Amino acid sequence: MAARESSPCRKSQQKDKDGLTVVGLRSLEQLQNTVTQDEGKVTHTYLDQEEVESQILEIYLKCNKNAAKYKEFEITLQREKHIAFLRRGLKQLSDAYEALDASRPWLCYWILHSLNLLGVKLSKEECSNISKFLMKCQDPRTGGFGGGPYQMAHLAATYAALNALVSLGTDEALSVVDKESLLKFIISMKLPDGSFRMHRGGEVDVRAVYCAVVVAKLTNISLPNVDLFEGTAEWILRCQTYEGGFGGCPGMEAHGGYTFCAVAALILLNRIRLIDEDSLLRWLVHRQMAVEGGFQGRTNKLVDGCYSFWQGACFCLIGPILAEHGEVEKPSRWLLHNSALQEYVLICCQHHLGGLIDKPGKQRDYYHTCYTLSGLSAVQHQPDGTKLILDNASNELKKIHPVFNLTEESVEKALQYYYNSAHARATVSEEMEDTSEPSSV
Amino acid sequence: MSTSDDESTTPHVFYKDRPEWQDVQPIPSDEGPSPVVAIDYSEQFADVYNYIRGVINTGELSRRVLSLTCDAIGLNAANYTVWQLRRDVLEAIGVPKLIDESGLDKEFEKEFTFCEKMIENIQKNYQVWHHQKALVSWAVGYDESTKTMQVKNPEALDILFKRELQLTKDILSYDAKNYHAWQHRQWILSIFKDYSGELEYVNQLLTDDVRNNSAWNQRYFVFTSMQDFSQESLTEELNAVWEFVKVALCNESPWSYLRGLIRLAGDCRPTLQKEVVARCKPFVSKKEGTSVPMLGLYIEFIDDLLRNGEPDPEEFAEVVCLLEHMIKTIDPIRAKYWDYIMTKFVNAHGDSELDKFTKVEINA
C-alpha cells in the first residue's frame with residue numbers, strides 16, 4: 001500500500017532531474033470530510049477550533065475554485081515582500097518593539113536566518129555592523145550574551161546571538177564569541193540535577209537546556225575529563241509525557257516548542273535512543289490539523305504557523321532513529337502530510353505586506369516569519385535528498401539543519417571554524433583544566 | 001521614600017528631572033557605530049532605562065532602585081535583568097521574611113501584591129511567574145536541592161498554599177490552558193505535597209470543557225502523584241474517565257490519558273487493555289464510528305495483545321481493514337503515518353501467522 005502525497009489533486013506531480021517534485025493542493029472533498037464535529041458537546045475548545053477551521057476552509061475553497069488567480073498570490077512565496085520586511089527590521093523597529101528590548105539578539109537571529117532561507121546575501125559592511133552590535137551584547141565578565149547591551153547574560157539570548165553570528169558566517173562574526181567565558185557561563189547556569197537556569201537567579205526549563213547544549217556543541221567547548229552535561233539527558237527524559245511529546249519541565253503538558261528543544265538536545269547529547277519514539281511520533285502526527293494542514297502546539301489547541309518548525313522539524317530529527325529501530329525500512333518521506341503543511345504556510349501564513357503570521361487575521365512579526373519559513377524549509381527537503389515543493393519550484397527555500405535551525409551552509413561554516421580551523425584550538429579546555437576544579441561542575 | 005506601589009500612581013516625571021536622582025549618572029544604551037534592530041524608544045522608556053543602566057553600573061541596591069524597577073517593569077515586563085535587579089534589592093534591604101501563622105510580613109505582602117497584579121496584567125510572561133515562584137520560595141524557606149521548607153507551621157503554610165492555588169485558579173479562569181499558570185500550580189502542589197483537592201478542581205474544569213487537554217495533563221499529574229497503580233485503582237480511574245470519553249468520542253485528550261493510565265499498570269496491563277478494547281467494540285463496529293483517536297488506541301491495544309498472546313486472524317484482519325479506512329477516508333492527513341503503522345503491524349503479525357502455518361505444515 002503506498003501512501004499518497006495528496007489524494008486526487010488538481011494537478012499531477014511533476015518531477016525534474018534535480019529530484020524536485022512539484023505537488024498540488026489537497027482535494028476539496030478531503031478537506032470537507034474531515035472538519036471537526038461538535039458531537040453534541042459544544043465547549044470553548046470546540047468553538048475556538050470551529051471558528052479558525054471554517055475561516056481557513058473558506059480560504060482553501062476560494063483558492064481551489066480560483067486557482068489561477070490565487071497562484072499568483074497566495075500559493076507563491078512572496079520573496080521580495082518578505083525580504084523588504086526583514087531588511088527594514090534589521091535597521092529600525094518602531095516603539096511597538098519595546099517589549100522585545102530584552103530579545104534583541106533574537107531579532108537579529110530571526111531576521112538573519114529568514115534572509116538566509118530566502119537566499120539573501122548581506123554586504124560585508126552589514127555583516128560587520130551586526131557583529132559589532134552583538135559584541136556589545138556579550139558580557140565577558142560573566143560570559144554569554146544578554147538581551148541587549150548592558151543586560152545580564154541569558155542562555156536564550158546567548159543561543160540567539162550565536163545563531164545570528166553563525167547565520168552571518170563571516171570570520172569577524174564567528175570570532176565575536178569569547179569561548180572561554182562562555183564555558184564559565186554555561187557551567188555557572190548548571191544545576192545539580194542536570195538542568196540549566198536561563199540566567200543568574202532565572203527560571204529552569206527545557207529551553208535553557210537546549211540553548212546550553214547547542215552553544216557548547218556548536219562552538220566546540222567542553223571540559224576535559226568532566227562531562228559538562230552529566231545528568232542532563234536524564235533530566236530531559238523526565239519531561240516526556242504520557243502523550244508522547246515533551247513538557248517544559250517534568251509533569252507539564254506536552255508542547256511543540258519544548259518538544260523540539262528536548263529532542264534536538266538529546267540528539268546533540270547522543271542520547272536520543274532513550275526516548276519513547278513511538279509515542280513521540282504518535283503525538284507529533286496528531287498535532288497536524290486535518291483541515292488547516294498546519295500544526296498546533298498542544299492537543300486541542302489552535303493551529304499556529306510557528307509550529308510548522310517546532311513540530312515539523314521534529315519529524316526530521318526522529319526520522320533516522322525510527323529507521324534504526326528497524327521494523328520498517330528507512331522512509332524516503334517524512335511521516336507528516338507534507339503538501340498540507342506547505343499549503344498552510346503559503347496560503348494562510350503570508351501577510352499581504354510581507355512577513356509571515358500565526359494564522360489569518362494576525363499581525364506579522366519576525367518570530368513567526370522565521371519559524372514559519374523554517375518549517376517550510378524543513379519539509380521541502382526530504383530524507384532521501386529529493387525535494388518536494390508545493391505548486392511551483394520557485395517556492396523552494398534553502399535547506400535547514402533541523403537541530404540548530406540554521407541553514408546547512410551556515411552550520412558547515414561554523415563547524416569548520418570552531419572545530420577545524422586554528423580558532424578551534426582547545427585553549428579553552430586546557431586553561432579551564434588548570435583553573436577549575438572538576439568537582440565544582 | 002515612596003514604595004514601588006505608590007510610585008506608579010503619581011504623574012510621571014522623567015528621572016532626569018528628579019532632584020532626588022541627580023547623584024546618579026544615567027547611561028544611554030551603547031549601540032555601537034551602526035545600530036541594528038534599533039528600537040525607536042519612547043522618551044520615557046529611554047529615560048527609565050538610562051537610570052536602570054546607571055544603578056546597575058554603580059551596584060546600588062536601595063529602596064529608590066526598587067521603585068525604579070517598578071517603572072522599568074511596567075514598560076517592559078520581559079526585561080529579566082530588571083526583575084533580577086529587583087530581587088537583588090529585595091534581598092539587600094531585607095524584605096523577604098518567612099511566613100508565620102499571622103501571615104506575611106507587611107512589606108513582603110506588598111511585594112506579593114505587586115507581583116500578583118503584574119501576573120493579572122501580563123498572564124503569559126516567564127518573568128512574572130518566575131518572580132512569584134521566588135517570592136513563595138522565600139516565604140517558606142524552600143530549598144530546591146533538598147526539596148524541604150524551613151517553615152513547618154501548618155497554619156502558616158496553609159495561608160500561602162491557598163493563596164497560590166487561588167492565584168492560579170483566577171488566572172486559569174481567563175484561559176484554562178495558560179501554560180505558566182499550570183506550571184506554577186504544579187510546583188505549588190509538589191512543594192506543599194498536598195494534592196487532596198486537585199482532582200475535584202480538575203473534574204470541574206473537565207466538566208466545563210472536556211477538551212481541555214491541560215486539565216487532562218493535570219489529572220495525570222495528580223493521579224501519578226497520589227495513587228498506587230494497583231489494578232483496583234487503575235480500574236476505578238478507567239471507569240471515571242470513561243464517563244468523559246463517552247461525551248465526545250473524537251476528543252483525543254481522554255484517549256491519550258487512558259493510554260497513559262494503562263501504561264502505569266504492571267501485570268494487569270493486558271486485562272485493562274482487553275477491557276478498553278471491549279468497551280470500544282460497539283463504537284468501532286458502527287459505520288459512523290469515525291473517531292480517529294479511538295481507532296488509534298484500539299489498534300494499538302490489539303497490536304500489543306497480539307504481540308503478547310495468541311495470534312488471532314480475525315482481529316488481524318479487522319485492524320488492517322480499519323487502517324485502510326483511516327488512510328483512505330477518515331484521516332488522510334495522517335495517511336503516511338497509518339501506512340507506517342500498517343507496515344509495522346503486518347510485519348509483526350502477518351508473517352508470524354504465515355510462519356506458524358508453515359511450521360505446522362512441515363511438522364505434519
# chains A, B, ... in the order shown; residues from 1 in each chain; ligands from 1
call {"tool": "closest_atom_pairs", "arguments": {"of": "chain A", "to": "chain B", "cutoff": "7 Å", "atoms": "only C-alpha atoms", "output": "CSV"}}
result
residue,atom,partner,partner_atom,distance
A:Ala3,CA,B:Lys336,CA,5.2
A:Thr34,CA,B:Ile330,CA,6.6
A:Glu39,CA,B:Ala248,CA,5.8
A:Lys41,CA,B:Ala248,CA,6.7
A:Thr43,CA,B:Asp209,CA,5.4
A:His44,CA,B:Asp209,CA,6.5
A:Thr45,CA,B:Arg211,CA,6.1
A:Gly89,CA,B:Val37,CA,5.9
A:Leu90,CA,B:Val37,CA,4.7
A:Lys91,CA,B:Val36,CA,4.9
A:Gln92,CA,B:Ala38,CA,4.8
A:Leu93,CA,B:Ile39,CA,4.7
A:Ser94,CA,B:Asp40,CA,5.0
A:Asp95,CA,B:Asp40,CA,4.8
A:Tyr97,CA,B:Ile39,CA,6.3
A:Glu98,CA,B:Tyr41,CA,6.6
A:Ala99,CA,B:Asn76,CA,5.2
A:Ala102,CA,B:Asn79,CA,5.3
A:Arg104,CA,B:Val37,CA,6.9
A:Leu107,CA,B:Val37,CA,6.8
A:Cys108,CA,B:Val37,CA,6.7
A:Asn129,CA,B:Ser34,CA,5.8
A:Ile130,CA,B:Val36,CA,6.2
A:Lys132,CA,B:Gly32,CA,6.8
A:Phe133,CA,B:Gly32,CA,6.0
A:Pro149,CA,B:Asp30,CA,6.3
A:Tyr150,CA,B:Arg53,CA,6.8
A:Gln151,CA,B:Thr81,CA,6.0
A:Met152,CA,B:Thr81,CA,5.6
A:Gly201,CA,B:Gln84,CA,6.8
A:Glu203,CA,B:His130,CA,6.1
A:Tyr242,CA,B:Gly260,CA,4.8
A:Glu243,CA,B:Ser256,CA,5.8
A:Gly251,CA,B:Phe221,CA,6.0
A:Met252,CA,B:Gln183,CA,6.5
A:Glu253,CA,B:Asn217,CA,5.7
A:Val285,CA,B:Arg334,CA,6.6
A:Ala290,CA,B:Ile333,CA,5.5
A:Thr299,CA,B:Asn213,CA,6.1
A:Asn300,CA,B:Asn213,CA,6.4
A:Glu327,CA,B:Lys344,CA,6.0
A:Val328,CA,B:Lys344,CA,6.5
A:Leu335,CA,B:Lys336,CA,5.5
A:Leu336,CA,B:Arg334,CA,6.6
A:His337,CA,B:Ile333,CA,5.6
call {"tool": "write_last_selection", "arguments": {"atoms": "C-alpha atoms", "output": "PDB file, in the first residue's frame"}}
result
ATOM      1  CA  ALA A   3       0.680   6.438   0.929  1.00  0.00           C
ATOM      2  CA  THR A  34     -12.529  15.957   7.958  1.00  0.00           C
ATOM      3  CA  GLU A  39     -20.530  15.660  18.732  1.00  0.00           C
ATOM      4  CA  LYS A  41     -20.967  18.740  23.090  1.00  0.00           C
ATOM      5  CA  THR A  43     -17.262  23.666  24.529  1.00  0.00           C
ATOM      6  CA  HIS A  44     -14.791  26.559  24.406  1.00  0.00           C
ATOM      7  CA  THR A  45     -12.232  24.379  22.702  1.00  0.00           C
ATOM      8  CA  GLY A  89      13.537  45.413  10.699  1.00  0.00           C
ATOM      9  CA  LEU A  90      17.226  44.745  10.578  1.00  0.00           C
ATOM     10  CA  LYS A  91      17.765  48.504  10.548  1.00  0.00           C
ATOM     11  CA  GLN A  92      14.937  50.056  12.513  1.00  0.00           C
ATOM     12  CA  LEU A  93      11.935  48.977  14.590  1.00  0.00           C
ATOM     13  CA  SER A  94       9.080  51.075  15.939  1.00  0.00           C
ATOM     14  CA  ASP A  95       8.477  51.611  19.663  1.00  0.00           C
ATOM     15  CA  TYR A  97       9.096  46.576  19.731  1.00  0.00           C
ATOM     16  CA  GLU A  98       9.966  47.930  23.207  1.00  0.00           C
ATOM     17  CA  ALA A  99       8.535  44.677  24.560  1.00  0.00           C
ATOM     18  CA  ALA A 102      15.409  42.228  26.070  1.00  0.00           C
ATOM     19  CA  ARG A 104      17.476  41.907  20.513  1.00  0.00           C
ATOM     20  CA  LEU A 107      15.504  39.816  16.488  1.00  0.00           C
ATOM     21  CA  CYS A 108      18.892  39.564  14.748  1.00  0.00           C
ATOM     22  CA  ASN A 129      27.750  46.168  11.817  1.00  0.00           C
ATOM     23  CA  ILE A 130      25.659  43.301  13.157  1.00  0.00           C
ATOM     24  CA  LYS A 132      29.761  44.706  16.314  1.00  0.00           C
ATOM     25  CA  PHE A 133      26.303  45.117  17.797  1.00  0.00           C
ATOM     26  CA  PRO A 149      23.801  45.957  25.586  1.00  0.00           C
ATOM     27  CA  TYR A 150      24.230  46.189  29.413  1.00  0.00           C
ATOM     28  CA  GLN A 151      21.813  43.306  30.002  1.00  0.00           C
ATOM     29  CA  MET A 152      22.725  40.298  32.084  1.00  0.00           C
ATOM     30  CA  GLY A 201      18.500  33.623  39.562  1.00  0.00           C
ATOM     31  CA  GLU A 203      13.953  30.026  35.540  1.00  0.00           C
ATOM     32  CA  TYR A 242       2.196  10.218  28.698  1.00  0.00           C
ATOM     33  CA  GLU A 243       1.060  11.878  25.472  1.00  0.00           C
ATOM     34  CA  GLY A 251       4.974  16.944  34.916  1.00  0.00           C
ATOM     35  CA  MET A 252       3.984  19.607  32.423  1.00  0.00           C
ATOM     36  CA  GLU A 253       1.825  19.185  29.321  1.00  0.00           C
ATOM     37  CA  VAL A 285       1.454  13.274  13.738  1.00  0.00           C
ATOM     38  CA  ALA A 290      -6.845  17.801   9.411  1.00  0.00           C
ATOM     39  CA  THR A 299      -3.535  18.773  21.942  1.00  0.00           C
ATOM     40  CA  ASN A 300      -6.848  20.583  21.382  1.00  0.00           C
ATOM     41  CA  GLU A 327      10.794  -2.594  11.930  1.00  0.00           C
ATOM     42  CA  VAL A 328      10.483  -0.646   8.712  1.00  0.00           C
ATOM     43  CA  LEU A 335       5.875  10.946   8.096  1.00  0.00           C
ATOM     44  CA  LEU A 336       3.747  14.101   8.011  1.00  0.00           C
ATOM     45  CA  HIS A 337       1.382  15.344   5.329  1.00  0.00           C
TER      46      HIS A 337
END
call {"tool": "residues_around", "arguments": {"residues": "Glu74 of chain A", "least_positions_apart": "5", "cutoff": "9 Å", "atoms": "only C-alpha atoms", "output": "list in words"}}
result
Cys63, Lys69, Leu346, Ile347, Cys348, Cys349, Gln350 and His352 of chain A
call {"tool": "atom_distance", "arguments": {"atom1": "atom CA of Asn392 of chain A", "atom2": "atom CA of Arg287 of chain A"}}
result
26.3 Å
call {"tool": "atom_distance", "arguments": {"atom1": "atom CA of Gly40 of chain A", "atom2": "atom CA of Asp175 of chain B"}}
result
22.9 Å
call {"tool": "residues_around", "arguments": {"residues": "Leu317 of chain A", "least_positions_apart": "6", "cutoff": "8 Å", "atoms": "only C-alpha atoms", "output": "tab-separated table (two decimals) with N, CA and C atoms, in the first residue's frame"}}
result
chain	number	residue	atom	x	y	z
A	263	VAL	N	14.12	17.13	22.06
A	263	VAL	CA	14.57	16.14	21.08
A	263	VAL	C	15.90	16.57	20.47
A	264	ALA	N	16.01	17.85	20.11
A	264	ALA	CA	17.25	18.34	19.49
A	264	ALA	C	18.41	18.22	20.48
A	267	ILE	N	19.60	14.69	20.78
A	267	ILE	CA	20.39	14.29	19.62
A	267	ILE	C	21.83	14.77	19.79
A	402	PRO	N	18.13	20.77	10.98
A	402	PRO	CA	17.00	20.82	11.92
A	402	PRO	C	17.37	20.90	13.40
A	403	VAL	N	18.58	20.52	13.77
A	403	VAL	CA	18.95	20.57	15.19
A	403	VAL	C	19.16	22.01	15.66
call {"tool": "residues_around", "arguments": {"residues": "Arg86 of chain B", "least_positions_apart": "6", "cutoff": "8 Å", "atoms": "only C-alpha atoms", "output": "list in words"}}
result
Val65, Leu66 and Thr69 of chain B
call {"tool": "write_last_selection", "arguments": {"atoms": "N, CA, C and O atoms", "output": "PDB file, in the first residue's frame"}}
result
ATOM      1  N   VAL B  65      15.838  52.261  44.087  1.00  0.00           N
ATOM      2  CA  VAL B  65      16.047  51.373  42.932  1.00  0.00           C
ATOM      3  C   VAL B  65      14.840  50.441  42.786  1.00  0.00           C
ATOM      4  O   VAL B  65      14.399  50.145  41.678  1.00  0.00           O
ATOM      5  N   LEU B  66      14.294  50.022  43.928  1.00  0.00           N
ATOM      6  CA  LEU B  66      13.093  49.174  43.886  1.00  0.00           C
ATOM      7  C   LEU B  66      11.959  49.883  43.133  1.00  0.00           C
ATOM      8  O   LEU B  66      11.288  49.294  42.287  1.00  0.00           O
ATOM      9  N   THR B  69      12.746  49.995  39.415  1.00  0.00           N
ATOM     10  CA  THR B  69      12.486  48.730  38.705  1.00  0.00           C
ATOM     11  C   THR B  69      11.001  48.581  38.416  1.00  0.00           C
ATOM     12  O   THR B  69      10.612  47.999  37.405  1.00  0.00           O
TER      13      THR B  69
END
call {"tool": "select_by_dssp", "arguments": {"residues": "segment 25-217 of chain A", "states": "alpha helix (DSSP H)", "output": "PyMOL selection string"}}
result
chain A and resi 28-33+44-65+67-72+79-91+104-117+124-137+155-168+171-174+179-189+206-217
call {"tool": "residues_around", "arguments": {"residues": "His12 of chain B", "least_positions_apart": "6", "cutoff": "12 Å", "atoms": "only C-alpha atoms", "output": "PDB file with C-alpha atoms, in the first residue's frame"}}
result
ATOM      1  CA  ASP B   6       2.757  54.385  45.332  1.00  0.00           C
ATOM      2  CA  ARG B  18      14.017  64.469  39.590  1.00  0.00           C
ATOM      3  CA  GLU B  43      11.284  59.267  25.653  1.00  0.00           C
ATOM      4  CA  GLN B  44      10.020  57.726  28.875  1.00  0.00           C
ATOM      5  CA  PHE B  45      11.384  54.283  28.038  1.00  0.00           C
ATOM      6  CA  ASP B  47      14.792  57.811  30.449  1.00  0.00           C
ATOM      7  CA  VAL B  48      13.870  54.951  32.788  1.00  0.00           C
ATOM      8  CA  LEU B  68      12.771  52.435  39.579  1.00  0.00           C
ATOM      9  CA  ASP B  71       8.664  51.671  36.301  1.00  0.00           C
TER      10      ASP B  71
END
call {"tool": "residues_around", "arguments": {"residues": "Phe301 of chain B", "least_positions_apart": "4", "cutoff": "7 Å", "atoms": "only C-alpha atoms", "output": "count of residues only"}}
result
3
call {"tool": "closest_residue", "arguments": {"among": "A:Asp38, A:Lys179, A:Arg200, A:Ile236", "to": "Ala216 of chain A", "atoms": "only C-alpha atoms"}}
result
A:Lys179
call {"tool": "atom_distance", "arguments": {"atom1": "atom CA of Glu125 of chain A", "atom2": "atom CA of Glu412 of chain A"}}
result
22.4 Å
call {"tool": "closest_residue", "arguments": {"among": "B:Thr58, B:Asn203, B:Phe316, B:Arg63", "to": "Ala240 of chain B", "atoms": "only C-alpha atoms"}}
result
B:Asn203
call {"tool": "select_by_dssp", "arguments": {"residues": "segment 20-120 of chain B", "states": "strand (DSSP E or B)", "output": "JSON, numbers by chain"}}
result
{"B": [38, 39, 100, 103]}
call {"tool": "write_last_selection", "arguments": {"atoms": "C-alpha atoms", "output": "CSV table (one decimal), in the first residue's frame"}}
result
chain,number,residue,atom,x,y,z
B,38,ALA,CA,17.3,49.6,16.6
B,39,ILE,CA,14.1,50.2,18.5
B,100,ASP,CA,4.1,32.7,60.2
B,103,GLY,CA,0.6,35.7,57.5
call {"tool": "residues_around", "arguments": {"residues": "segment 167-173 of chain B", "least_positions_apart": "6", "cutoff": "9 Å", "atoms": "only C-alpha atoms", "output": "list in words"}}
result
Glu116, Ile119, Glu120, Gln123, Ala181, Trp182, His184 and Arg185 of chain B
call {"tool": "write_last_selection", "arguments": {"atoms": "all heavy atoms", "output": "PDB file, in the first residue's frame"}}
result
ATOM      1  N   GLU B 116       1.415  39.797  41.954  1.00  0.00           N
ATOM      2  CA  GLU B 116       0.113  39.247  41.551  1.00  0.00           C
ATOM      3  C   GLU B 116      -0.604  40.179  40.568  1.00  0.00           C
ATOM      4  O   GLU B 116      -1.246  39.728  39.619  1.00  0.00           O
ATOM      5  CB  GLU B 116      -0.750  38.980  42.781  1.00  0.00           C
ATOM      6  CG  GLU B 116      -0.286  37.744  43.550  1.00  0.00           C
ATOM      7  CD  GLU B 116      -0.705  37.732  45.015  1.00  0.00           C
ATOM      8  OE1 GLU B 116      -1.409  38.672  45.446  1.00  0.00           O
ATOM      9  OE2 GLU B 116      -0.305  36.811  45.731  1.00  0.00           O
ATOM     10  N   ILE B 119       1.008  39.705  37.254  1.00  0.00           N
ATOM     11  CA  ILE B 119       0.556  38.448  36.648  1.00  0.00           C
ATOM     12  C   ILE B 119      -0.834  38.630  36.025  1.00  0.00           C
ATOM     13  O   ILE B 119      -1.108  38.191  34.911  1.00  0.00           O
ATOM     14  CB  ILE B 119       0.554  37.304  37.687  1.00  0.00           C
ATOM     15  CG1 ILE B 119       1.991  36.896  38.015  1.00  0.00           C
ATOM     16  CG2 ILE B 119      -0.237  36.100  37.181  1.00  0.00           C
ATOM     17  CD1 ILE B 119       2.126  35.905  39.154  1.00  0.00           C
ATOM     18  N   GLU B 120      -1.667  39.341  36.775  1.00  0.00           N
ATOM     19  CA  GLU B 120      -3.018  39.619  36.296  1.00  0.00           C
ATOM     20  C   GLU B 120      -2.965  40.393  34.963  1.00  0.00           C
ATOM     21  O   GLU B 120      -3.717  40.132  34.040  1.00  0.00           O
ATOM     22  CB  GLU B 120      -3.755  40.449  37.357  1.00  0.00           C
ATOM     23  CG  GLU B 120      -5.188  40.744  37.041  1.00  0.00           C
ATOM     24  CD  GLU B 120      -6.132  39.722  37.665  1.00  0.00           C
ATOM     25  OE1 GLU B 120      -5.686  38.884  38.473  1.00  0.00           O
ATOM     26  OE2 GLU B 120      -7.309  39.772  37.318  1.00  0.00           O
ATOM     27  N   GLN B 123      -0.422  37.860  31.676  1.00  0.00           N
ATOM     28  CA  GLN B 123      -0.585  36.498  32.173  1.00  0.00           C
ATOM     29  C   GLN B 123       0.368  35.494  31.532  1.00  0.00           C
ATOM     30  O   GLN B 123       0.623  34.437  32.079  1.00  0.00           O
ATOM     31  CB  GLN B 123      -2.036  36.065  31.986  1.00  0.00           C
ATOM     32  CG  GLN B 123      -2.965  37.006  32.738  1.00  0.00           C
ATOM     33  CD  GLN B 123      -4.426  36.686  32.549  1.00  0.00           C
ATOM     34  OE1 GLN B 123      -4.773  35.694  31.921  1.00  0.00           O
ATOM     35  NE2 GLN B 123      -5.289  37.529  33.083  1.00  0.00           N
ATOM     36  N   ALA B 181       0.581  29.312  34.257  1.00  0.00           N
ATOM     37  CA  ALA B 181      -0.240  29.133  35.451  1.00  0.00           C
ATOM     38  C   ALA B 181      -0.228  27.663  35.886  1.00  0.00           C
ATOM     39  O   ALA B 181      -0.107  27.352  37.074  1.00  0.00           O
ATOM     40  CB  ALA B 181      -1.665  29.595  35.183  1.00  0.00           C
ATOM     41  N   TRP B 182      -0.332  26.763  34.934  1.00  0.00           N
ATOM     42  CA  TRP B 182      -0.309  25.332  35.267  1.00  0.00           C
ATOM     43  C   TRP B 182       1.040  24.927  35.860  1.00  0.00           C
ATOM     44  O   TRP B 182       1.126  24.142  36.796  1.00  0.00           O
ATOM     45  CB  TRP B 182      -0.620  24.479  34.023  1.00  0.00           C
ATOM     46  CG  TRP B 182      -2.086  24.410  33.718  1.00  0.00           C
ATOM     47  CD1 TRP B 182      -2.733  24.898  32.623  1.00  0.00           C
ATOM     48  CD2 TRP B 182      -3.106  23.798  34.537  1.00  0.00           C
ATOM     49  NE1 TRP B 182      -4.080  24.633  32.704  1.00  0.00           N
ATOM     50  CE2 TRP B 182      -4.340  23.965  33.857  1.00  0.00           C
ATOM     51  CE3 TRP B 182      -3.092  23.137  35.768  1.00  0.00           C
ATOM     52  CZ2 TRP B 182      -5.550  23.485  34.378  1.00  0.00           C
ATOM     53  CZ3 TRP B 182      -4.296  22.665  36.285  1.00  0.00           C
ATOM     54  CH2 TRP B 182      -5.505  22.842  35.591  1.00  0.00           C
ATOM     55  N   HIS B 184       3.123  26.806  37.479  1.00  0.00           N
ATOM     56  CA  HIS B 184       3.216  27.336  38.842  1.00  0.00           C
ATOM     57  C   HIS B 184       2.375  26.484  39.791  1.00  0.00           C
ATOM     58  O   HIS B 184       2.802  26.135  40.889  1.00  0.00           O
ATOM     59  CB  HIS B 184       2.747  28.795  38.880  1.00  0.00           C
ATOM     60  CG  HIS B 184       2.985  29.465  40.197  1.00  0.00           C
ATOM     61  ND1 HIS B 184       4.248  29.782  40.663  1.00  0.00           N
ATOM     62  CD2 HIS B 184       2.126  29.867  41.170  1.00  0.00           C
ATOM     63  CE1 HIS B 184       4.158  30.358  41.856  1.00  0.00           C
ATOM     64  NE2 HIS B 184       2.877  30.425  42.185  1.00  0.00           N
ATOM     65  N   ARG B 185       1.192  26.137  39.345  1.00  0.00           N
ATOM     66  CA  ARG B 185       0.288  25.331  40.181  1.00  0.00           C
ATOM     67  C   ARG B 185       0.896  23.965  40.496  1.00  0.00           C
ATOM     68  O   ARG B 185       0.843  23.494  41.632  1.00  0.00           O
ATOM     69  CB  ARG B 185      -1.053  25.183  39.451  1.00  0.00           C
ATOM     70  CG  ARG B 185      -2.172  24.661  40.326  1.00  0.00           C
ATOM     71  CD  ARG B 185      -3.512  24.727  39.624  1.00  0.00           C
ATOM     72  NE  ARG B 185      -4.526  24.091  40.439  1.00  0.00           N
ATOM     73  CZ  ARG B 185      -5.330  24.741  41.288  1.00  0.00           C
ATOM     74  NH1 ARG B 185      -5.253  26.056  41.401  1.00  0.00           N
ATOM     75  NH2 ARG B 185      -6.208  24.082  42.021  1.00  0.00           N
TER      76      ARG B 185
END
